[in-house]
Amino acid sequence: MSVPTLLSSCSGTESKEEKLKDVEVPEILKSAPDGKPLKAGLVGCGGRGTGAAEDFLNAGNGLQITAIGDIFKDKLDACREILKSKGQNIPDENCFIGFDAYEKVIDSGVDVVLLCTPPVFRPLHFEYAVKKGKHCFVEKPCAVDPVGARRMQATGKQAVQQNLCVISGTIRRSQKDCIETYRRVAGGAIGDIISAHVSRQGGALWFRQREKGWDDMEYMMRNWVNFCWTSGDFVVEQFIHEIDMMSWFMGDKKPVRAEANGGRQRRVTGDMYDFMSIEYLYDNGHRAHCTSRQIGGCDYQNVVMIYGTKGYTNCFDTIFNLDGTVAWKYPHPKAEDADQSMAVPNPFVQEHIRLVTAIRTNKPICDVEQLVQSTLMAIMGRESAYTGKFITWDQTMASSQKLGPENYEFGPVPGINEEIPVAGIAPKF
């Protein structure tokens, strides 16, 4: 829905203000409206899943977590204790362990499902949830390969047909200062967009070495952020946030090709790279450069810059003139300021406020299509770097690549080794 103009400092005429009013952006609320009680089930009890459950509880009144599931009991028990401290006493009969735990959570009588497992499972779990008529929070990314992404896309269309509400974990689209910056850019504040530069330079992620008694599956599941088939690689699992933000500000246009390179210097386990540079080419000849790494001891930064014919923006809170002077800046209030109307609510909670609001007002929302596109863009970049080939959008959409084993069960995982892809000789995409 449209929201009123928040500031007028970068728009000197009434016509520009009127143009801003026509830009559709999500409404930011302090809390979801009261309404019928909603019961949610959590699938995936790790850190992100536990956090999502807490965010759901903080989204409004009359919200409960009534069922949880994970493949590991220790993960479930830790999550259960944290939720107990939040007033959620989940009975034994609603705590499920195993690769089929998602079915039991979804079938336990919940209204909403929070899907927060490693992303390889997302298409399977989302498909079952929609089949059972459940509203969903879907953590990013939505898949690790093109087959899974297309499966998500098809299920998203079914969710729309069933008037189900679905919100994904691409948090910047639920962050107030980013939304207001986007609204102004979409209203013409920087002119026609011509290019982008995106950089997420972060530290090394956690890892687990194989412990005595762990079979292949347990090792890979407990170390899932370091295997491509479970996480999609770090550009798909983490850098998707910046790729999605870039895509959003550029009008969600699909790139025609990804040209990438990358490698591995310091990652300790798994079969993935730890640095990558991707150039996206669009049909009008414009290019967007995206680079990321996960290596400790280096300088860190998180930058999403969009350049236009009249200026440029950092996408978070500032718009610049072409000469580098500030044209507009989001007025983040200090804690002591009396007027807190411009305060930026926690975007992780805001995602769930949007979901609950859509359910309770009977105004269905589904952002799966956007999530699928951003996931596929990240996959394009990964495969270009791994293979050393330029990967097109059409090629990605037609790809039969499906990562991981056919069946999910503890024991050996044949065909997956801790071998690093080598550009030029890696398997064709």
# chains A, B, ... in the order shown; residues from 1 in each chain; ligands from 1
>>> residues_around(residues="A:Val225", least_positions_apart="3", cutoff="9 Å", atoms="only C-alpha atoms", output="PyMOL selection string")
chain A and resi 118+205-207+220-222+228+230-234+237+270
>>> write_last_selection(atoms="C-alpha atoms", output="PDB file, in the first residue's frame")
ATOM      1  CA  PRO A 118      18.829 -25.179   5.889  1.00  0.00           C
ATOM      2  CA  LEU A 205      31.491 -18.216   9.306  1.00  0.00           C
ATOM      3  CA  TRP A 206      31.271 -20.871  11.983  1.00  0.00           C
ATOM      4  CA  PHE A 207      32.148 -24.454  11.085  1.00  0.00           C
ATOM      5  CA  MET A 220      26.857 -32.229   6.792  1.00  0.00           C
ATOM      6  CA  MET A 221      23.708 -31.194   8.632  1.00  0.00           C
ATOM      7  CA  ARG A 222      25.618 -29.909  11.660  1.00  0.00           C
ATOM      8  CA  CYS A 228      26.862 -26.173  -1.255  1.00  0.00           C
ATOM      9  CA  THR A 230      22.732 -27.745   2.038  1.00  0.00           C
ATOM     10  CA  SER A 231      23.269 -23.960   1.952  1.00  0.00           C
ATOM     11  CA  GLY A 232      23.621 -23.055  -1.712  1.00  0.00           C
ATOM     12  CA  ASP A 233      27.063 -21.524  -1.044  1.00  0.00           C
ATOM     13  CA  PHE A 234      27.546 -18.283   0.856  1.00  0.00           C
ATOM     14  CA  GLU A 237      22.650 -18.257   1.710  1.00  0.00           C
ATOM     15  CA  GLY A 270      33.024 -28.188   3.188  1.00  0.00           C
TER      16      GLY A 270
END
>>> select_by_dssp(residues="stretch 20-86 of chain A", states="strand (DSSP E or B)", output="list in words")
Leu38, Lys39, Ala40, Gly41, Leu42, Val43, Leu63, Gln64, Ile65, Thr66, Ala67, Ile68, Gly69 and Asp70 of chain A
>>> write_last_selection(atoms="N, CA and C atoms", output="short mmCIF file (atom, residue, chain, number, x, y, z; two decimals), in the first residue's frame")
data_model
loop_
_atom_site.label_atom_id
_atom_site.label_comp_id
_atom_site.auth_asym_id
_atom_site.auth_seq_id
_atom_site.Cartn_x
_atom_site.Cartn_y
_atom_site.Cartn_z
N LEU A 38 -3.56 -16.72 16.68
CA LEU A 38 -2.87 -17.49 15.65
C LEU A 38 -1.83 -18.39 16.30
N LYS A 39 -1.85 -19.65 15.91
CA LYS A 39 -0.88 -20.62 16.40
C LYS A 39 0.14 -20.89 15.29
N ALA A 40 1.42 -20.83 15.65
CA ALA A 40 2.48 -21.05 14.67
C ALA A 40 3.29 -22.27 15.03
N GLY A 41 3.79 -22.95 14.00
CA GLY A 41 4.71 -24.07 14.17
C GLY A 41 6.05 -23.71 13.57
N LEU A 42 7.10 -24.06 14.27
CA LEU A 42 8.47 -23.77 13.82
C LEU A 42 9.11 -25.03 13.26
N VAL A 43 9.61 -24.94 12.03
CA VAL A 43 10.35 -26.03 11.41
C VAL A 43 11.79 -25.58 11.25
N LEU A 63 -0.58 -14.33 19.81
CA LEU A 63 0.28 -15.16 18.97
C LEU A 63 0.99 -16.20 19.83
N GLN A 64 1.02 -17.43 19.35
CA GLN A 64 1.63 -18.54 20.09
C GLN A 64 2.52 -19.38 19.18
N ILE A 65 3.52 -20.00 19.78
CA ILE A 65 4.26 -21.09 19.13
C ILE A 65 3.78 -22.36 19.80
N THR A 66 3.13 -23.23 19.06
CA THR A 66 2.51 -24.41 19.67
C THR A 66 3.16 -25.72 19.25
N ALA A 67 4.06 -25.69 18.26
CA ALA A 67 4.72 -26.92 17.82
C ALA A 67 6.09 -26.56 17.24
N ILE A 68 7.07 -27.43 17.47
CA ILE A 68 8.40 -27.21 16.93
C ILE A 68 8.96 -28.54 16.42
N GLY A 69 9.85 -28.45 15.43
CA GLY A 69 10.44 -29.66 14.89
C GLY A 69 11.84 -29.42 14.37
N ASP A 70 12.69 -30.43 14.49
CA ASP A 70 14.07 -30.36 14.00
C ASP A 70 14.55 -31.80 13.81
#
>>> select_by_dssp(residues="stretch 141-216 of chain A", states="alpha helix (DSSP H)", output="PyMOL selection string")
chain A and resi 146-161+176-186+216
>>> write_last_selection(atoms="C-alpha atoms", output="PDB file, in the first residue's frame")
ATOM      1  CA  PRO A 146      17.224 -24.173 -10.146  1.00  0.00           C
ATOM      2  CA  VAL A 147      14.999 -27.233  -9.729  1.00  0.00           C
ATOM      3  CA  GLY A 148      14.188 -26.194  -6.164  1.00  0.00           C
ATOM      4  CA  ALA A 149      13.667 -22.552  -7.132  1.00  0.00           C
ATOM      5  CA  ARG A 150      11.180 -23.465  -9.859  1.00  0.00           C
ATOM      6  CA  ARG A 151       9.390 -25.740  -7.397  1.00  0.00           C
ATOM      7  CA  MET A 152       9.125 -22.793  -4.992  1.00  0.00           C
ATOM      8  CA  GLN A 153       7.810 -20.589  -7.782  1.00  0.00           C
ATOM      9  CA  ALA A 154       5.073 -23.073  -8.662  1.00  0.00           C
ATOM     10  CA  THR A 155       4.086 -23.480  -5.019  1.00  0.00           C
ATOM     11  CA  GLY A 156       4.016 -19.697  -4.579  1.00  0.00           C
ATOM     12  CA  LYS A 157       1.447 -19.465  -7.369  1.00  0.00           C
ATOM     13  CA  GLN A 158      -0.650 -22.084  -5.598  1.00  0.00           C
ATOM     14  CA  ALA A 159      -0.433 -20.057  -2.388  1.00  0.00           C
ATOM     15  CA  VAL A 160      -1.767 -16.994  -4.230  1.00  0.00           C
ATOM     16  CA  GLN A 161      -4.641 -19.023  -5.680  1.00  0.00           C
ATOM     17  CA  LYS A 176      11.596   1.492   7.356  1.00  0.00           C
ATOM     18  CA  ASP A 177      14.607   3.618   6.377  1.00  0.00           C
ATOM     19  CA  CYS A 178      15.359   1.385   3.394  1.00  0.00           C
ATOM     20  CA  ILE A 179      11.710   1.541   2.320  1.00  0.00           C
ATOM     21  CA  GLU A 180      11.631   5.328   2.427  1.00  0.00           C
ATOM     22  CA  THR A 181      14.912   5.528   0.503  1.00  0.00           C
ATOM     23  CA  TYR A 182      13.536   3.110  -2.088  1.00  0.00           C
ATOM     24  CA  ARG A 183      10.306   5.093  -2.387  1.00  0.00           C
ATOM     25  CA  ARG A 184      12.242   8.221  -3.267  1.00  0.00           C
ATOM     26  CA  VAL A 185      14.498   6.435  -5.733  1.00  0.00           C
ATOM     27  CA  ALA A 186      11.481   4.813  -7.393  1.00  0.00           C
ATOM     28  CA  ASP A 216      28.006 -38.285   6.528  1.00  0.00           C
TER      29      ASP A 216
END
>>> closest_atom_pairs(of="stretch 364-389 of chain A", to="stretch 130-145 of chain A", cutoff="8 Å", atoms="only C-alpha atoms", output="JSON lines")
{"residue": "A:Leu371", "atom": "CA", "partner": "A:Cys142", "partner_atom": "CA", "distance": 6.7}
{"residue": "A:Val372", "atom": "CA", "partner": "A:Cys142", "partner_atom": "CA", "distance": 6.4}
{"residue": "A:Thr375", "atom": "CA", "partner": "A:Pro141", "partner_atom": "CA", "distance": 5.8}
{"residue": "A:Leu376", "atom": "CA", "partner": "A:Asp145", "partner_atom": "CA", "distance": 7.8}
{"residue": "A:Ile379", "atom": "CA", "partner": "A:Asp145", "partner_atom": "CA", "distance": 6.8}
>>> write_last_selection(atoms="N, CA and C atoms", output="CSV table (one decimal), in the first residue's frame")
chain,number,residue,atom,x,y,z
A,371,LEU,N,11.4,-13.5,-4.1
A,371,LEU,CA,12.4,-14.3,-3.4
A,371,LEU,C,13.1,-15.3,-4.4
A,372,VAL,N,12.3,-15.9,-5.2
A,372,VAL,CA,12.8,-16.9,-6.2
A,372,VAL,C,13.7,-16.2,-7.2
A,375,THR,N,17.0,-15.5,-5.4
A,375,THR,CA,17.7,-16.8,-5.2
A,375,THR,C,18.4,-17.2,-6.5
A,376,LEU,N,17.7,-17.1,-7.6
A,376,LEU,CA,18.2,-17.6,-8.9
A,376,LEU,C,19.3,-16.7,-9.4
A,379,ILE,N,22.3,-17.9,-7.6
A,379,ILE,CA,22.7,-19.2,-8.1
A,379,ILE,C,23.5,-19.0,-9.4
>>> residues_around(residues="A:Val413", least_positions_apart="5", cutoff="12 Å", atoms="only C-alpha atoms", output="ChimeraX atom specification")
/A:215-221,229,403-408,418
>>> atom_distance(atom1="atom CA of A:Glu351", atom2="atom CA of A:Met377")
22.3 Å
>>> closest_residue(among="A:Glu242, A:Asp77, A:Asp92, A:Asp317", to="A:Cys290", atoms="only C-alpha atoms")
A:Glu242
>>> atom_distance(atom1="atom CA of A:Arg293", atom2="atom CA of A:Ile194")
25.1 Å
>>> residues_around(residues="A:Ser341", least_positions_apart="4", cutoff="12 Å", atoms="only C-alpha atoms", output="list of chain:residue names")
A:Leu6, A:Leu7, A:Ile28, A:Leu29, A:Lys30, A:Lys176, A:Asp177, A:Tyr330, A:Pro331, A:His332, A:Pro333, A:Lys334, A:Ala335, A:Asp337, A:Pro345
>>> write_last_selection(atoms="N, CA and C atoms", output="PDB file, in the first residue's frame")
ATOM      1  N   LEU A   6       7.254  11.068   3.874  1.00  0.00           N
ATOM      2  CA  LEU A   6       7.800  11.276   5.200  1.00  0.00           C
ATOM      3  C   LEU A   6       8.587  12.574   5.303  1.00  0.00           C
ATOM      4  N   LEU A   7       9.308  12.921   4.244  1.00  0.00           N
ATOM      5  CA  LEU A   7      10.140  14.117   4.273  1.00  0.00           C
ATOM      6  C   LEU A   7      10.042  14.825   2.936  1.00  0.00           C
ATOM      7  N   ILE A  28       4.548   0.365   7.480  1.00  0.00           N
ATOM      8  CA  ILE A  28       5.254  -0.028   8.691  1.00  0.00           C
ATOM      9  C   ILE A  28       4.376   0.260   9.901  1.00  0.00           C
ATOM     10  N   LEU A  29       4.112  -0.769  10.683  1.00  0.00           N
ATOM     11  CA  LEU A  29       3.253  -0.652  11.862  1.00  0.00           C
ATOM     12  C   LEU A  29       4.058  -0.986  13.117  1.00  0.00           C
ATOM     13  N   LYS A  30       3.640  -0.416  14.245  1.00  0.00           N
ATOM     14  CA  LYS A  30       4.294  -0.744  15.505  1.00  0.00           C
ATOM     15  C   LYS A  30       3.965  -2.165  15.945  1.00  0.00           C
ATOM     16  N   LYS A 176      12.222   0.203   7.621  1.00  0.00           N
ATOM     17  CA  LYS A 176      11.596   1.492   7.356  1.00  0.00           C
ATOM     18  C   LYS A 176      12.489   2.478   6.627  1.00  0.00           C
ATOM     19  N   ASP A 177      13.744   2.647   7.048  1.00  0.00           N
ATOM     20  CA  ASP A 177      14.607   3.618   6.377  1.00  0.00           C
ATOM     21  C   ASP A 177      14.935   3.183   4.955  1.00  0.00           C
ATOM     22  N   TYR A 330      17.793  10.181   5.679  1.00  0.00           N
ATOM     23  CA  TYR A 330      16.754   9.740   6.604  1.00  0.00           C
ATOM     24  C   TYR A 330      17.094  10.253   8.002  1.00  0.00           C
ATOM     25  N   PRO A 331      16.150  10.894   8.681  1.00  0.00           N
ATOM     26  CA  PRO A 331      16.441  11.526   9.984  1.00  0.00           C
ATOM     27  C   PRO A 331      16.296  10.552  11.153  1.00  0.00           C
ATOM     28  N   HIS A 332      17.238   9.661  11.291  1.00  0.00           N
ATOM     29  CA  HIS A 332      17.176   8.709  12.400  1.00  0.00           C
ATOM     30  C   HIS A 332      17.106   9.473  13.727  1.00  0.00           C
ATOM     31  N   PRO A 333      15.998   9.348  14.467  1.00  0.00           N
ATOM     32  CA  PRO A 333      15.903  10.083  15.730  1.00  0.00           C
ATOM     33  C   PRO A 333      16.776   9.466  16.814  1.00  0.00           C
ATOM     34  N   LYS A 334      17.268  10.301  17.706  1.00  0.00           N
ATOM     35  CA  LYS A 334      18.013   9.805  18.855  1.00  0.00           C
ATOM     36  C   LYS A 334      17.029   9.333  19.924  1.00  0.00           C
ATOM     37  N   ALA A 335      17.508   8.520  20.839  1.00  0.00           N
ATOM     38  CA  ALA A 335      16.630   7.941  21.862  1.00  0.00           C
ATOM     39  C   ALA A 335      15.929   9.019  22.686  1.00  0.00           C
ATOM     40  N   ASP A 337      14.984  11.991  21.650  1.00  0.00           N
ATOM     41  CA  ASP A 337      14.089  12.856  20.883  1.00  0.00           C
ATOM     42  C   ASP A 337      12.632  12.549  21.212  1.00  0.00           C
ATOM     43  N   PRO A 345      11.719   0.422  13.293  1.00  0.00           N
ATOM     44  CA  PRO A 345      11.449  -0.808  14.053  1.00  0.00           C
ATOM     45  C   PRO A 345      12.312  -1.965  13.568  1.00  0.00           C
TER      46      PRO A 345
END
>>> atom_distance(atom1="atom CA of A:Thr318", atom2="atom CA of A:Ala338")
22.8 Å
>>> residues_around(residues="A:His125", least_positions_apart="4", cutoff="10 Å", atoms="only C-alpha atoms", output="list of chain:residue names")
A:Val43, A:Asp100, A:Tyr102, A:Glu103, A:Ile106, A:Val113, A:Leu115, A:Cys116, A:Thr117, A:Pro119, A:Val120, A:Phe121, A:Ala129, A:Val130, A:Lys131, A:Val138, A:Met152
>>> residues_around(residues="stretch 296-313 of chain A", least_positions_apart="5", cutoff="8 Å", atoms="only C-alpha atoms", output="PyMOL selection string")
chain A and resi 189-204+242+245-246+249-250+318-322
>>> write_last_selection(atoms="C-alpha atoms", output="PDB file, in the first residue's frame")
ATOM      1  CA  ALA A 189      15.203  11.052  -6.964  1.00  0.00           C
ATOM      2  CA  ILE A 190      18.356   9.796  -8.731  1.00  0.00           C
ATOM      3  CA  GLY A 191      16.956   9.782 -12.258  1.00  0.00           C
ATOM      4  CA  ASP A 192      17.246   6.740 -14.472  1.00  0.00           C
ATOM      5  CA  ILE A 193      19.278   3.958 -12.864  1.00  0.00           C
ATOM      6  CA  ILE A 194      22.392   3.063 -14.832  1.00  0.00           C
ATOM      7  CA  SER A 195      24.552   0.830 -12.601  1.00  0.00           C
ATOM      8  CA  ALA A 196      25.130  -0.676  -9.174  1.00  0.00           C
ATOM      9  CA  HIS A 197      28.023  -1.628  -6.918  1.00  0.00           C
ATOM     10  CA  VAL A 198      27.398  -4.081  -4.084  1.00  0.00           C
ATOM     11  CA  SER A 199      29.929  -5.324  -1.538  1.00  0.00           C
ATOM     12  CA  ARG A 200      29.567  -7.544   1.507  1.00  0.00           C
ATOM     13  CA  GLN A 201      32.986  -8.206   2.989  1.00  0.00           C
ATOM     14  CA  GLY A 202      32.508 -10.211   6.161  1.00  0.00           C
ATOM     15  CA  GLY A 203      34.367 -12.519   8.496  1.00  0.00           C
ATOM     16  CA  ALA A 204      34.628 -16.283   8.404  1.00  0.00           C
ATOM     17  CA  GLU A 242      22.481  -7.520  -0.760  1.00  0.00           C
ATOM     18  CA  MET A 245      18.283  -5.181  -2.137  1.00  0.00           C
ATOM     19  CA  MET A 246      20.113  -4.227  -5.321  1.00  0.00           C
ATOM     20  CA  PHE A 249      16.144  -0.719  -6.103  1.00  0.00           C
ATOM     21  CA  MET A 250      16.805  -1.509  -9.768  1.00  0.00           C
ATOM     22  CA  THR A 318      20.985   8.597   2.027  1.00  0.00           C
ATOM     23  CA  ILE A 319      20.574  10.036  -1.465  1.00  0.00           C
ATOM     24  CA  PHE A 320      23.463  11.965  -3.018  1.00  0.00           C
ATOM     25  CA  ASN A 321      23.742  14.500  -5.809  1.00  0.00           C
ATOM     26  CA  LEU A 322      26.140  13.703  -8.628  1.00  0.00           C
TER      27      LEU A 322
END
>>> closest_residue(among="A:Pro364, A:Gly262, A:Gly98, A:Pro123", to="A:Glu279", atoms="only C-alpha atoms")
A:Gly262
